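Student: Just input.pdb, nothing more (PDB, C-alpha atoms and all ligand atoms):
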```pdb
ATOM      1  CA  MET A  40       0.000   0.000   0.000  1.00  0.00           C
ATOM      2  CA  PRO A  41       1.596   3.315  -1.040  1.00  0.00           C
ATOM      3  CA  LYS A  42       1.871   5.478   2.043  1.00  0.00           C
ATOM      4  CA  LYS A  43       2.157   8.809   0.248  1.00  0.00           C
ATOM      5  CA  GLU A  44      -1.404   8.495  -1.060  1.00  0.00           C
ATOM      6  CA  GLU A  45      -2.774   8.415   2.443  1.00  0.00           C
ATOM      7  CA  LYS A  46      -4.818  11.564   2.669  1.00  0.00           C
ATOM      8  CA  GLN A  47      -7.469  12.941   4.918  1.00  0.00           C
ATOM      9  CA  GLU A  48     -10.197  12.024   2.439  1.00  0.00           C
ATOM     10  CA  LEU A  49      -9.696   8.369   3.278  1.00  0.00           C
ATOM     11  CA  LYS A  50     -11.546   8.927   6.527  1.00  0.00           C
ATOM     12  CA  PHE A  51     -15.207   8.126   6.461  1.00  0.00           C
ATOM     13  CA  PRO A  52     -17.307  10.937   8.002  1.00  0.00           C
ATOM     14  CA  GLN A  53     -17.778  10.169  11.681  1.00  0.00           C
ATOM     15  CA  LYS A  54     -21.406  11.255  11.698  1.00  0.00           C
ATOM     16  CA  LEU A  55     -22.149   8.613   9.073  1.00  0.00           C
ATOM     17  CA  LEU A  56     -20.451   5.840  10.978  1.00  0.00           C
ATOM     18  CA  ARG A  57     -22.870   5.798  13.872  1.00  0.00           C
ATOM     19  CA  PRO A  58     -25.986   4.931  11.817  1.00  0.00           C
ATOM     20  CA  ILE A  59     -23.950   2.452   9.786  1.00  0.00           C
ATOM     21  CA  LYS A  60     -22.765   0.748  12.968  1.00  0.00           C
ATOM     22  CA  GLY A  61     -26.344   0.572  14.209  1.00  0.00           C
ATOM     23  CA  PHE A  62     -27.478  -0.832  10.899  1.00  0.00           C
ATOM     24  CA  LEU A  63     -24.766  -3.487  10.790  1.00  0.00           C
ATOM     25  CA  GLU A  64     -25.493  -4.559  14.360  1.00  0.00           C
ATOM     26  CA  SER A  65     -29.229  -4.828  13.801  1.00  0.00           C
ATOM     27  CA  GLU A  66     -28.675  -6.700  10.549  1.00  0.00           C
ATOM     28  CA  ILE A  67     -26.485  -9.230  12.332  1.00  0.00           C
ATOM     29  CA  VAL A  68     -29.215  -9.754  14.950  1.00  0.00           C
ATOM     30  CA  ARG A  69     -31.856 -10.110  12.236  1.00  0.00           C
ATOM     31  CA  LEU A  70     -29.786 -12.544  10.186  1.00  0.00           C
ATOM     32  CA  LYS A  71     -29.003 -14.642  13.243  1.00  0.00           C
ATOM     33  CA  LYS A  72     -32.731 -15.063  13.807  1.00  0.00           C
ATOM     34  CA  THR A  73     -33.187 -15.958  10.148  1.00  0.00           C
ATOM     35  CA  GLU A  74     -30.389 -18.485  10.403  1.00  0.00           C
ATOM     36  CA  LYS A  75     -31.969 -20.062  13.464  1.00  0.00           C
ATOM     37  CA  GLY A  76     -35.339 -20.208  11.716  1.00  0.00           C
ATOM     38  CA  ILE A  77     -33.811 -21.935   8.722  1.00  0.00           C
ATOM     39  CA  ARG A  78     -32.067 -24.505  10.895  1.00  0.00           C
ATOM     40  CA  ASN A  79     -35.266 -25.173  12.804  1.00  0.00           C
ATOM     41  CA  GLY A  80     -37.080 -25.631   9.492  1.00  0.00           C
ATOM     42  CA  ASP A  81     -34.607 -28.269   8.427  1.00  0.00           C
ATOM     43  CA  PRO A  82     -36.433 -31.642   8.422  1.00  0.00           C
ATOM     44  CA  PHE A  83     -33.276 -33.273   9.756  1.00  0.00           C
ATOM     45  CA  SER A  84     -33.564 -31.177  12.905  1.00  0.00           C
ATOM     46  CA  ASP A  85     -37.123 -32.403  13.524  1.00  0.00           C
ATOM     47  CA  PRO A  86     -37.003 -34.615  16.620  1.00  0.00           C
ATOM     48  CA  SER A  87     -40.159 -36.457  15.537  1.00  0.00           C
ATOM     49  CA  ARG A  88     -38.500 -37.479  12.320  1.00  0.00           C
ATOM     50  CA  THR A  89     -38.584 -41.209  11.943  1.00  0.00           C
ATOM     51  CA  LEU A  90     -35.876 -43.229  10.405  1.00  0.00           C
ATOM     52  CA  GLU A  91     -38.351 -45.546   8.799  1.00  0.00           C
ATOM     53  CA  ASN A  92     -39.649 -43.263   6.110  1.00  0.00           C
ATOM     54  CA  SER A  93     -40.926 -44.293   2.758  1.00  0.00           C
ATOM     55  CA  SER A  94     -38.433 -43.464   0.072  1.00  0.00           C
ATOM     56  CA  GLU A  95     -40.675 -40.656  -1.073  1.00  0.00           C
ATOM     57  CA  GLU A  96     -40.741 -39.010   2.335  1.00  0.00           C
ATOM     58  CA  ASP A  97     -37.051 -39.558   2.559  1.00  0.00           C
ATOM     59  CA  ALA A  98     -36.474 -37.733  -0.711  1.00  0.00           C
ATOM     60  CA  ASP A  99     -38.598 -34.818   0.489  1.00  0.00           C
ATOM     61  CA  GLU A 100     -36.580 -34.604   3.641  1.00  0.00           C
ATOM     62  CA  GLN A 101     -33.334 -34.777   1.739  1.00  0.00           C
ATOM     63  CA  ILE A 102     -34.448 -31.882  -0.454  1.00  0.00           C
ATOM     64  CA  GLY A 103     -35.659 -29.913   2.538  1.00  0.00           C
ATOM     65  CA  HIS A 104     -32.416 -30.538   4.331  1.00  0.00           C
ATOM     66  CA  PHE A 105     -30.390 -29.523   1.317  1.00  0.00           C
ATOM     67  CA  GLU A 106     -32.380 -26.319   0.876  1.00  0.00           C
ATOM     68  CA  ALA A 107     -32.034 -25.435   4.529  1.00  0.00           C
ATOM     69  CA  GLN A 108     -28.304 -25.990   4.371  1.00  0.00           C
ATOM     70  CA  VAL A 109     -27.859 -23.844   1.286  1.00  0.00           C
ATOM     71  CA  LYS A 110     -29.944 -21.044   2.775  1.00  0.00           C
ATOM     72  CA  ALA A 111     -28.246 -21.248   6.152  1.00  0.00           C
ATOM     73  CA  ARG A 112     -24.834 -21.163   4.536  1.00  0.00           C
ATOM     74  CA  PHE A 113     -25.807 -18.079   2.562  1.00  0.00           C
ATOM     75  CA  VAL A 114     -27.070 -16.318   5.682  1.00  0.00           C
ATOM     76  CA  THR A 115     -24.003 -17.343   7.684  1.00  0.00           C
ATOM     77  CA  LYS A 116     -21.808 -15.869   4.976  1.00  0.00           C
ATOM     78  CA  GLN A 117     -23.702 -12.601   5.219  1.00  0.00           C
ATOM     79  CA  ILE A 118     -23.276 -12.528   8.986  1.00  0.00           C
ATOM     80  CA  VAL A 119     -19.540 -13.104   8.649  1.00  0.00           C
ATOM     81  CA  GLN A 120     -19.328 -10.295   6.107  1.00  0.00           C
ATOM     82  CA  LEU A 121     -21.294  -7.868   8.287  1.00  0.00           C
ATOM     83  CA  ARG A 122     -19.147  -8.689  11.307  1.00  0.00           C
ATOM     84  CA  ARG A 123     -16.107  -8.013   9.220  1.00  0.00           C
ATOM     85  CA  ALA A 124     -17.440  -4.623   8.158  1.00  0.00           C
ATOM     86  CA  LEU A 125     -18.305  -3.882  11.771  1.00  0.00           C
ATOM     87  CA  SER A 126     -14.833  -4.702  13.023  1.00  0.00           C
ATOM     88  CA  LEU A 127     -13.302  -2.530  10.293  1.00  0.00           C
ATOM     89  CA  LEU A 128     -15.601   0.245  11.392  1.00  0.00           C
ATOM     90  CA  LYS A 129     -14.380  -0.102  14.962  1.00  0.00           C
ATOM     91  CA  ILE A 130     -10.747   0.279  13.972  1.00  0.00           C
ATOM     92  CA  GLY A 131     -11.579   3.256  11.768  1.00  0.00           C
ATOM     93  CA  LYS A 132     -11.122   1.489   8.453  1.00  0.00           C
ATOM     94  CA  TYR A 133     -14.706   1.303   7.342  1.00  0.00           C
ATOM     95  CA  GLY A 134     -15.278   2.162   3.698  1.00  0.00           C
ATOM     96  CA  ILE A 135     -11.700   1.405   2.751  1.00  0.00           C
ATOM     97  CA  CYS A 136     -11.102  -1.481   0.384  1.00  0.00           C
ATOM     98  CA  GLU A 137      -9.392  -4.380   2.162  1.00  0.00           C
ATOM     99  CA  LYS A 138      -7.452  -5.248  -0.961  1.00  0.00           C
ATOM    100  CA  CYS A 139      -6.277  -2.050  -2.573  1.00  0.00           C
ATOM    101  CA  GLY A 140      -6.749   0.387   0.314  1.00  0.00           C
ATOM    102  CA  LYS A 141      -8.793   2.822  -1.718  1.00  0.00           C
ATOM    103  CA  MET A 142     -12.068   4.366  -0.676  1.00  0.00           C
ATOM    104  CA  ILE A 143     -15.074   2.215  -1.561  1.00  0.00           C
ATOM    105  CA  ASP A 144     -17.679   4.033  -3.592  1.00  0.00           C
ATOM    106  CA  THR A 145     -20.329   5.428  -1.245  1.00  0.00           C
ATOM    107  CA  ASP A 146     -23.093   4.393  -3.657  1.00  0.00           C
ATOM    108  CA  ARG A 147     -21.851   0.849  -3.367  1.00  0.00           C
ATOM    109  CA  LEU A 148     -21.805   1.105   0.428  1.00  0.00           C
ATOM    110  CA  SER A 149     -25.294   2.544   0.565  1.00  0.00           C
ATOM    111  CA  ILE A 150     -26.608  -0.453  -1.381  1.00  0.00           C
ATOM    112  CA  ASN A 151     -24.699  -2.930   0.729  1.00  0.00           C
ATOM    113  CA  PRO A 152     -23.123  -1.469   3.893  1.00  0.00           C
ATOM    114  CA  GLY A 153     -21.439  -4.791   4.588  1.00  0.00           C
ATOM    115  CA  VAL A 154     -19.029  -4.709   1.676  1.00  0.00           C
ATOM    116  CA  THR A 155     -15.346  -4.474   2.522  1.00  0.00           C
ATOM    117  CA  ILE A 156     -13.782  -4.429  -0.917  1.00  0.00           C
ATOM    118  CA  CYS A 157     -14.277  -2.038  -3.819  1.00  0.00           C
ATOM    119  CA  ILE A 158     -16.087  -2.928  -7.022  1.00  0.00           C
ATOM    120  CA  LYS A 159     -12.842  -3.146  -8.972  1.00  0.00           C
ATOM    121  CA  CYS A 160     -11.301  -5.673  -6.601  1.00  0.00           C
ATOM    122  CA  GLU A 161     -14.504  -7.687  -6.478  1.00  0.00           C
ATOM    123  CA  LYS A 162     -14.553  -7.931 -10.253  1.00  0.00           C
ATOM    124  CA  GLU A 163     -10.942  -9.060 -10.233  1.00  0.00           C
ATOM    125  CA  ARG A 164     -11.746 -11.694  -7.652  1.00  0.00           C
ATOM    126  CA  GLU A 165     -14.674 -13.007  -9.650  1.00  0.00           C
ATOM    127  CA  SER A 166     -12.814 -13.248 -12.929  1.00  0.00           C
TER     128      SER A 166
HETATM  129 ZN    ZN A 201     -10.111  -2.384  -4.055  1.00  0.00          ZN
END
```
Is it possible to express this structure as structure tokens?
Tutor:
Amino acid sequence: MPKKEEKQELKFPQKLLRPIKGFLESEIVRLKKTEKGIRNGDPFSDPSRTLENSSEEDADEQIGHFEAQVKARFVTKQIVQLRRALSLLKIGKYGICEKCGKMIDTDRLSINPGVTICIKCEKERES
């Protein structure tokens, strides 16, 4: 990271950080509830589930279990990402790309306040 480019503009306005912090924290709480709901909806977590199902019931349960796992994994990923953004916020690095160290576009942050890398770096990662 080139040190000479470090300017005052890299700082995210303090007055904006407070609502963002609140948003991230409430999103984490909300997603945790969602995650719990998904896991509870998983047929494999049903205590009344019998092991002597017909193959048809078994297939339904397999699909339900698979769906729940995919959804839960997606939600867990979001939680991890939000926590990451929150910890960056706490050390005063919110809004700064983790990869290139440049300011993340505020439009991008307003759409998804949990992002921690800029659009350019994300595109590079995806390609
Ligand atoms: Zn970047």
Student: A:Arg164, A:Arg147, A:Lys141, A:His104: which is nearest ligand ZN 201 (chain A), counting only C-alpha atoms and all ligand atoms?
Tutor: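 Once distances to ligand ZN 201 (chain A) are computed over only C-alpha atoms and all ligand atoms, the minimum belongs to A:Lys141.
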Student: Just say which residues the PyMOL selection byres (((not hetatm)) within 12 of (chain A and resi 201)) picks in this file, as a VMD selection string.
Tutor: chain A and resid 40 134 to 144 154 to 164
Student: Taking the file as shown, what set of residues would the PyMOL selection byres (((chain A and resi 56-65) around 10) and not hetatm) give back, as a list of chain:residue names?
Tutor: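 On this input, the PyMOL selection byres (((chain A and resi 56-65) around 10) and not hetatm) captures A:Phe51, A:Pro52, A:Gln53, A:Lys54, A:Leu55, A:Glu66, A:Ile67, A:Val68, A:Arg69, A:Leu70, A:Lys71, A:Ile118, A:Gln120, A:Leu121, A:Arg122, A:Arg123, A:Ala124, A:Leu125, A:Ser126, A:Leu128, A:Lys129, A:Gly131, A:Tyr133, A:Gly134, A:Leu148, A:Ser149, A:Pro152, A:Gly153.
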Student: Padding of 3 Å on every side, edges along x, y and z, all listed atoms of stretch 72-81 of chain A included: what centre and edge lengths in Å, to one decimal, does that box have, as lines of an AutoDock Vina configuration file?
Tutor:
```
center_x = -33.7
center_y = -21.7
center_z = 11.1
size_x = 12.7
size_y = 19.2
size_z = 11.4
```
Student: Quick one, how far is atom CA of A:Glu95 from atom CA of A:Gly76?
Tutor: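 Calculated distance between atom CA of A:Glu95 and atom CA of A:Gly76 is 24.7 Å.
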Student: Evaluate the PyMOL selection byres (((chain A and resi 107) around 9) and not hetatm) here and jot the selected residues down as a list in words.
Tutor: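 Checking the PyMOL selection byres (((chain A and resi 107) around 9) and not hetatm) against this file, the residues are Ile77, Arg78, Asn79, Gly80, Asp81, Pro82, Ile102, Gly103, His104, Phe105, Glu106, Gln108, Val109, Lys110, Ala111 and Arg112 of chain A.
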Student: Between atom CA of A:Lys72 and atom CA of A:Ala98, what is the distance, to one decimal in Å?
Tutor: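 About the pair atom CA of A:Lys72 and atom CA of A:Ala98: they are 27.2 Å apart.
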Student: Just to confirm, what's the straight-line distance from atom CA of A:Phe83 to atom CA of A:Asp97 in Å (one decimal)?
Tutor: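 Separation between atom CA of A:Phe83 and atom CA of A:Asp97: 10.3 Å.
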Student: Ranking A:Thr115, A:Asn151, A:Ser166, A:Ser93 by minimum distance to A:Lys75 and counting only C-alpha atoms, which one comes first?
Tutor: A:Thr115
